[in-house]
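A quick write-up on the structure given underneath.
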Amino acid sequence: MVTGDVKLIGSWASVFVMRARIALNLKSISYEFLQETYGTKSELLLKSNPVHKKMPVLIHADKPVCESNIIVQYIDEAWSSYGPSILPSQPYDRAIARFWAAYVDDKWFIALRSILTARGEEEKKAAIAEVEERTDHLEKAFIDCSNGKPFFNGDHIGYLDIALGSFLGWWRVVELDANHILLDETKTPSLFKWAERFCNDPAVKPLMPETTKLAEFARKLFPKPQA
Amino acid sequence: MADELVLLDFWPSMFGMRTKMALAEKGVSYEYIETDPWTKTPLLIEMNPIHKKIPVLIHKGKPICESLIQLEYIDEVWSDTYPILPSDPYQKAQARFWADFIDKKLYDPAWKIWGTKGEDQVAAKKELIEHFKTLETELGDKTYYGGEVFGFLDIALMGYYSWFKAMEKFGEFSFETEFPKLTEWTKRCLERESVVKALADSDKIIEYAYALRKKFGAE
């Protein structure tokens, strides 16, 4: 398998792009990062992902791989002899990691985003309650998956850590926007501590965007209606 | 051993049909428990507390939820027989991508075709046809989505086959006219015992869809 010739189309602000970058870092793969300009889609992006026209797109030896969780699994499999394993080794643990990663995207993220798009206090309160309930599920999932170890994946960060942890920048931005704590040290203590460990991981640290910069970007992406 | 493996499923579920196909391809026996997801049984709630949905595959007492995740699990556990996923990482990524496309894009308009009427139904039909056309383009002239070998993506899409007749009826279109290559592909898949045994009778599905339409007020 040729290691060279790896490109990633993405943006510094995207959670989904960060997942791919963390995985590449874990495997110590060097790649060319092709930053998309906000508000436009490059020709390469449209050509490499004609179906969804979205980032991230990993281009390995001119062959595109799309969808962040699929890219992370691809990275784990294409470079299986490099660095730590991203997916757990046992089939049952892999199924659980995949289940919760899908839950993060299909249920948890949707709820988080609806806080930013909520119109009025009632809608916002309902969205916050939903996020809190779903975060509680993830707290229990962490306790089950980690088995006393520091990460969902055990001793090292893995697939599910990456799937959820990549949201931490935006998680903080939404907290600020909602003026409400969404990762509570007393309500979800395990996740709270995990979050700090995740952000400090060497594969993650250089990629996590600064909260103020991200909050400014969020205001562009989710403009508030005029009062 | 059959007592090690249990499948909670509901006869019309396109997702359960996928899991049944995969288990049959591997020649694995299991206990089948008919489970109506509209009435949440204690076992269903215990095994899938988060979504309370079928299918749920229970292996040695431990539940695995979500049909595509079940397919990967089945392939990894019974790895010494008929491979469902390709071994090449890039081919695997492509199979996963298109299976994800099927679930993201087909399910909603498919529901709306039998579950709604008027403008909503017309819009759903247009969307569904567009997505099937994309899937037909992806198939191209291949024997199966996996190339020469029937596999993950073929199973992911054939899971929906029992519902095709219902889509045609409520959407007022002909699958064969709109998608000739896909139609040929379905015929090839239907030569497989694992597929035929897993599918529900298309006319019974139409009856069921009528019942759903009444339930959701579209009738």
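Residue numbering restarts at 1 in every chain; chains get A, B, ... in the order shown in the structure tokens, and ligands count up from 1 in that same order.
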task = Give me, as a PyMOL selection string, the contact residues of chain B against chain A at a cut-off of 8 Å, counting only C-alpha atoms.
result = chain B and resi 64-66+69-70+72-73+76-77+89-90+92-94+96-97
task = Identify, on the basis of only C-alpha atoms, every residue whose closest approach to segment 38-50 of chain A does not exceed 10 Å; exclude the query and any residue fewer than 5 positions from it along the same chain; express the result as a list in words.
result = Leu8, Ile9, Gly10, Ser11, Ala13, Met55, Pro56, Val57, Leu58, Ile59, Asp62, Lys63, Pro64, Val65, Cys66, Glu67, Phe217, Lys220 and Leu221 of chain A
May I have the selected residues written with N, CA and C atoms, as a JSON list (two decimals), in the first residue's frame?
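What landed in selection-v2.json:
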```
[["chain", "number", "residue", "atom", "x", "y", "z"],
["A", 8, "LEU", "N", -6.70, 15.58, 1.68],
["A", 8, "LEU", "CA", -7.96, 15.66, 2.40],
["A", 8, "LEU", "C", -8.61, 17.00, 2.09],
["A", 9, "ILE", "N", -9.84, 16.95, 1.57],
["A", 9, "ILE", "CA", -10.57, 18.18, 1.31],
["A", 9, "ILE", "C", -11.38, 18.48, 2.57],
["A", 10, "GLY", "N", -11.23, 19.70, 3.10],
["A", 10, "GLY", "CA", -11.96, 20.00, 4.33],
["A", 10, "GLY", "C", -11.91, 21.43, 4.75],
["A", 11, "SER", "N", -12.27, 21.64, 6.00],
["A", 11, "SER", "CA", -12.28, 22.97, 6.59],
["A", 11, "SER", "C", -11.89, 22.85, 8.06],
["A", 13, "ALA", "N", -13.09, 24.25, 10.52],
["A", 13, "ALA", "CA", -14.21, 24.34, 11.46],
["A", 13, "ALA", "C", -15.08, 23.09, 11.50],
["A", 55, "MET", "N", -17.80, 17.85, 2.37],
["A", 55, "MET", "CA", -16.52, 17.43, 2.93],
["A", 55, "MET", "C", -16.77, 16.71, 4.24],
["A", 56, "PRO", "N", -15.83, 15.92, 4.71],
["A", 56, "PRO", "CA", -14.50, 15.69, 4.15],
["A", 56, "PRO", "C", -14.51, 14.70, 2.97],
["A", 57, "VAL", "N", -13.51, 14.81, 2.13],
["A", 57, "VAL", "CA", -13.25, 13.77, 1.14],
["A", 57, "VAL", "C", -11.76, 13.45, 1.28],
["A", 58, "LEU", "N", -11.49, 12.18, 1.47],
["A", 58, "LEU", "CA", -10.10, 11.72, 1.50],
["A", 58, "LEU", "C", -9.78, 11.23, 0.09],
["A", 59, "ILE", "N", -8.68, 11.71, -0.46],
["A", 59, "ILE", "CA", -8.30, 11.21, -1.78],
["A", 59, "ILE", "C", -6.96, 10.48, -1.63],
["A", 62, "ASP", "N", -5.45, 9.12, -5.75],
["A", 62, "ASP", "CA", -6.48, 9.59, -6.69],
["A", 62, "ASP", "C", -7.85, 8.95, -6.52],
["A", 63, "LYS", "N", -8.03, 8.13, -5.48],
["A", 63, "LYS", "CA", -9.34, 7.50, -5.29],
["A", 63, "LYS", "C", -10.04, 8.14, -4.08],
["A", 64, "PRO", "N", -11.25, 8.69, -4.30],
["A", 64, "PRO", "CA", -11.91, 9.40, -3.21],
["A", 64, "PRO", "C", -12.69, 8.48, -2.26],
["A", 65, "VAL", "N", -12.64, 8.83, -0.98],
["A", 65, "VAL", "CA", -13.45, 8.15, 0.05],
["A", 65, "VAL", "C", -14.25, 9.23, 0.76],
["A", 66, "CYS", "N", -15.56, 9.02, 0.87],
["A", 66, "CYS", "CA", -16.44, 10.05, 1.44],
["A", 66, "CYS", "C", -17.14, 9.55, 2.70],
["A", 67, "GLU", "N", -17.69, 10.51, 3.47],
["A", 67, "GLU", "CA", -18.39, 10.25, 4.74],
["A", 67, "GLU", "C", -17.38, 9.99, 5.86],
["A", 217, "PHE", "N", -17.37, 32.05, 13.77],
["A", 217, "PHE", "CA", -17.76, 31.35, 12.56],
["A", 217, "PHE", "C", -19.21, 30.86, 12.68],
["A", 220, "LYS", "N", -21.79, 33.29, 11.71],
["A", 220, "LYS", "CA", -21.97, 33.41, 10.24],
["A", 220, "LYS", "C", -22.88, 32.30, 9.73],
["A", 221, "LEU", "N", -22.64, 31.09, 10.27],
["A", 221, "LEU", "CA", -23.35, 29.90, 9.80],
["A", 221, "LEU", "C", -24.79, 29.86, 10.29]]
```
Residue nearest Phe132 of chain B among B:Leu182, B:Ile58, B:Leu153, B:Ile84 (counting only C-alpha atoms) =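 Of the candidates, the smallest distance to Phe132 of chain B is held by B:Leu182.
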inquiry  = Would you pick out the contacts of segment 40-51 of chain B at 12 Å or less, using only C-alpha atoms, so that residues sharing its chain but fewer than 2 positions from it are not included, and give the list as a VMD selection string?
reply    = (chain A and resid 96 99 to 100 102 to 103 106 to 108 133 to 134 136 to 138 140 to 141) or (chain B and resid 6 to 10 33 to 38 53 to 59 61 to 66)
Write out as a PDB file with C-alpha atoms, in the first residue's frame which residues come within 12 Å of Leu190 of chain B when counting only C-alpha atoms, dropping same-chain ones fewer than 4 positions away.
```pdb
ATOM      1  CA  MET B  21     -30.094 -12.821   4.047  1.00  0.00           C
ATOM      2  CA  TYR B 144     -23.710  -7.503  -8.607  1.00  0.00           C
ATOM      3  CA  PHE B 150     -23.032 -11.002  -4.265  1.00  0.00           C
ATOM      4  CA  ASP B 154     -26.550  -6.168  -2.803  1.00  0.00           C
ATOM      5  CA  ILE B 155     -28.012  -7.301   0.527  1.00  0.00           C
ATOM      6  CA  MET B 158     -32.376  -6.239  -1.832  1.00  0.00           C
ATOM      7  CA  GLY B 159     -33.684  -5.804   1.710  1.00  0.00           C
ATOM      8  CA  TYR B 161     -37.166  -5.613  -2.684  1.00  0.00           C
ATOM      9  CA  SER B 162     -40.414  -6.822  -1.104  1.00  0.00           C
ATOM     10  CA  THR B 183     -34.517  -5.030 -12.611  1.00  0.00           C
ATOM     11  CA  GLU B 184     -32.075  -7.470 -14.210  1.00  0.00           C
ATOM     12  CA  TRP B 185     -29.913  -7.257 -11.123  1.00  0.00           C
ATOM     13  CA  THR B 186     -32.882  -8.105  -8.868  1.00  0.00           C
ATOM     14  CA  SER B 194     -30.754 -16.763   0.933  1.00  0.00           C
ATOM     15  CA  VAL B 195     -32.523 -13.854  -0.738  1.00  0.00           C
ATOM     16  CA  VAL B 196     -35.764 -15.620  -1.655  1.00  0.00           C
ATOM     17  CA  LYS B 197     -36.206 -17.114   1.820  1.00  0.00           C
ATOM     18  CA  ALA B 198     -35.617 -13.778   3.550  1.00  0.00           C
ATOM     19  CA  LEU B 199     -38.107 -11.767   1.516  1.00  0.00           C
TER      20      LEU B 199
END
```
inquiry  = Which of chain A end up as strand (DSSP E) when DSSP is run on this backbone - answer as a PyMOL selection string?
reply    = chain A and resi 6-10+32-35+57-60+63-66
Dump of N, CA and C atoms for the selected residues, as a PDB file, in the first residue's frame:
```
ATOM      1  N   VAL A   6      -1.683  11.408  -0.368  1.00  0.00           N
ATOM      2  CA  VAL A   6      -2.915  11.470   0.411  1.00  0.00           C
ATOM      3  C   VAL A   6      -3.339  12.928   0.496  1.00  0.00           C
ATOM      4  N   LYS A   7      -4.583  13.184   0.091  1.00  0.00           N
ATOM      5  CA  LYS A   7      -5.124  14.540   0.176  1.00  0.00           C
ATOM      6  C   LYS A   7      -6.410  14.488   0.995  1.00  0.00           C
ATOM      7  N   LEU A   8      -6.696  15.582   1.682  1.00  0.00           N
ATOM      8  CA  LEU A   8      -7.965  15.660   2.402  1.00  0.00           C
ATOM      9  C   LEU A   8      -8.608  16.998   2.091  1.00  0.00           C
ATOM     10  N   ILE A   9      -9.837  16.955   1.573  1.00  0.00           N
ATOM     11  CA  ILE A   9     -10.572  18.184   1.315  1.00  0.00           C
ATOM     12  C   ILE A   9     -11.378  18.482   2.573  1.00  0.00           C
ATOM     13  N   GLY A  10     -11.230  19.702   3.100  1.00  0.00           N
ATOM     14  CA  GLY A  10     -11.959  20.001   4.329  1.00  0.00           C
ATOM     15  C   GLY A  10     -11.906  21.432   4.755  1.00  0.00           C
ATOM     16  N   GLU A  32      -1.885  16.232   2.208  1.00  0.00           N
ATOM     17  CA  GLU A  32      -2.057  17.619   1.778  1.00  0.00           C
ATOM     18  C   GLU A  32      -3.486  18.030   2.178  1.00  0.00           C
ATOM     19  N   PHE A  33      -3.583  19.095   2.959  1.00  0.00           N
ATOM     20  CA  PHE A  33      -4.896  19.549   3.412  1.00  0.00           C
ATOM     21  C   PHE A  33      -5.392  20.620   2.455  1.00  0.00           C
ATOM     22  N   LEU A  34      -6.497  20.344   1.802  1.00  0.00           N
ATOM     23  CA  LEU A  34      -7.051  21.282   0.820  1.00  0.00           C
ATOM     24  C   LEU A  34      -8.237  21.989   1.472  1.00  0.00           C
ATOM     25  N   GLN A  35      -7.971  23.190   1.970  1.00  0.00           N
ATOM     26  CA  GLN A  35      -8.984  23.944   2.714  1.00  0.00           C
ATOM     27  C   GLN A  35     -10.013  24.527   1.769  1.00  0.00           C
ATOM     28  N   VAL A  57     -13.510  14.812   2.126  1.00  0.00           N
ATOM     29  CA  VAL A  57     -13.247  13.773   1.139  1.00  0.00           C
ATOM     30  C   VAL A  57     -11.763  13.446   1.276  1.00  0.00           C
ATOM     31  N   LEU A  58     -11.490  12.184   1.474  1.00  0.00           N
ATOM     32  CA  LEU A  58     -10.101  11.721   1.501  1.00  0.00           C
ATOM     33  C   LEU A  58      -9.779  11.232   0.094  1.00  0.00           C
ATOM     34  N   ILE A  59      -8.680  11.705  -0.462  1.00  0.00           N
ATOM     35  CA  ILE A  59      -8.300  11.212  -1.785  1.00  0.00           C
ATOM     36  C   ILE A  59      -6.964  10.484  -1.630  1.00  0.00           C
ATOM     37  N   HIS A  60      -7.001   9.192  -1.776  1.00  0.00           N
ATOM     38  CA  HIS A  60      -5.809   8.361  -1.592  1.00  0.00           C
ATOM     39  C   HIS A  60      -5.435   7.755  -2.929  1.00  0.00           C
ATOM     40  N   LYS A  63      -8.032   8.131  -5.482  1.00  0.00           N
ATOM     41  CA  LYS A  63      -9.342   7.502  -5.287  1.00  0.00           C
ATOM     42  C   LYS A  63     -10.043   8.138  -4.083  1.00  0.00           C
ATOM     43  N   PRO A  64     -11.254   8.687  -4.295  1.00  0.00           N
ATOM     44  CA  PRO A  64     -11.914   9.399  -3.206  1.00  0.00           C
ATOM     45  C   PRO A  64     -12.687   8.483  -2.262  1.00  0.00           C
ATOM     46  N   VAL A  65     -12.643   8.826  -0.975  1.00  0.00           N
ATOM     47  CA  VAL A  65     -13.449   8.146   0.047  1.00  0.00           C
ATOM     48  C   VAL A  65     -14.251   9.234   0.755  1.00  0.00           C
ATOM     49  N   CYS A  66     -15.559   9.025   0.872  1.00  0.00           N
ATOM     50  CA  CYS A  66     -16.439  10.054   1.444  1.00  0.00           C
ATOM     51  C   CYS A  66     -17.144   9.549   2.695  1.00  0.00           C
TER      52      CYS A  66
END
```
Between atom CA of Pro209 of chain A and atom CA of Thr37 of chain A, distance in Å (one decimal) =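 Here the two named atoms are 16.5 Å from each other.
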ask   = Neighbours of Ile181 of chain A within 10 Å (only C-alpha atoms; same-chain residues fewer than 2 positions away dropped), as a list of chain:residue names?
value = A:Ile128, A:Glu132, A:Trp171, A:Arg172, A:Val174, A:Glu175, A:Leu176, A:Ala178, A:Asn179, A:Leu183, A:Asp184, A:Glu185
Preceding selection exported with C-alpha atoms as a PDB file, in the first residue's frame:
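Done, and the output landed in again.pdb:
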```pdb
ATOM      1  CA  ILE A 128     -31.534  21.583  25.549  1.00  0.00           C
ATOM      2  CA  GLU A 132     -29.108  16.502  28.082  1.00  0.00           C
ATOM      3  CA  TRP A 171     -20.194  21.631  22.017  1.00  0.00           C
ATOM      4  CA  ARG A 172     -18.573  24.595  23.821  1.00  0.00           C
ATOM      5  CA  VAL A 174     -23.404  25.816  21.643  1.00  0.00           C
ATOM      6  CA  GLU A 175     -23.042  26.093  25.431  1.00  0.00           C
ATOM      7  CA  LEU A 176     -22.055  29.725  25.043  1.00  0.00           C
ATOM      8  CA  ALA A 178     -27.458  28.727  24.798  1.00  0.00           C
ATOM      9  CA  ASN A 179     -25.937  30.149  27.982  1.00  0.00           C
ATOM     10  CA  LEU A 183     -21.248  18.940  29.441  1.00  0.00           C
ATOM     11  CA  ASP A 184     -21.869  18.994  33.142  1.00  0.00           C
ATOM     12  CA  GLU A 185     -19.192  17.837  35.581  1.00  0.00           C
TER      13      GLU A 185
END
```
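DSSP, applied to the backbone of this structure, assigns helix (DSSP H, G or I) to the following residues of segment 8-72 of chain B: B:Met14, B:Phe15, B:Gly16, B:Met17, B:Arg18, B:Thr19, B:Lys20, B:Met21, B:Ala22, B:Leu23, B:Ala24, B:Glu25, B:Pro42, B:Leu43, B:Leu44, B:Ile45, B:Glu46, B:Met47, B:Ser67, B:Leu68, B:Ile69, B:Gln70, B:Leu71, B:Glu72.
Counting only C-alpha atoms, the residue from B:Val28, B:Leu106, B:Leu23, B:Leu5 that sits nearest to Lys133 of chain B is B:Leu106.
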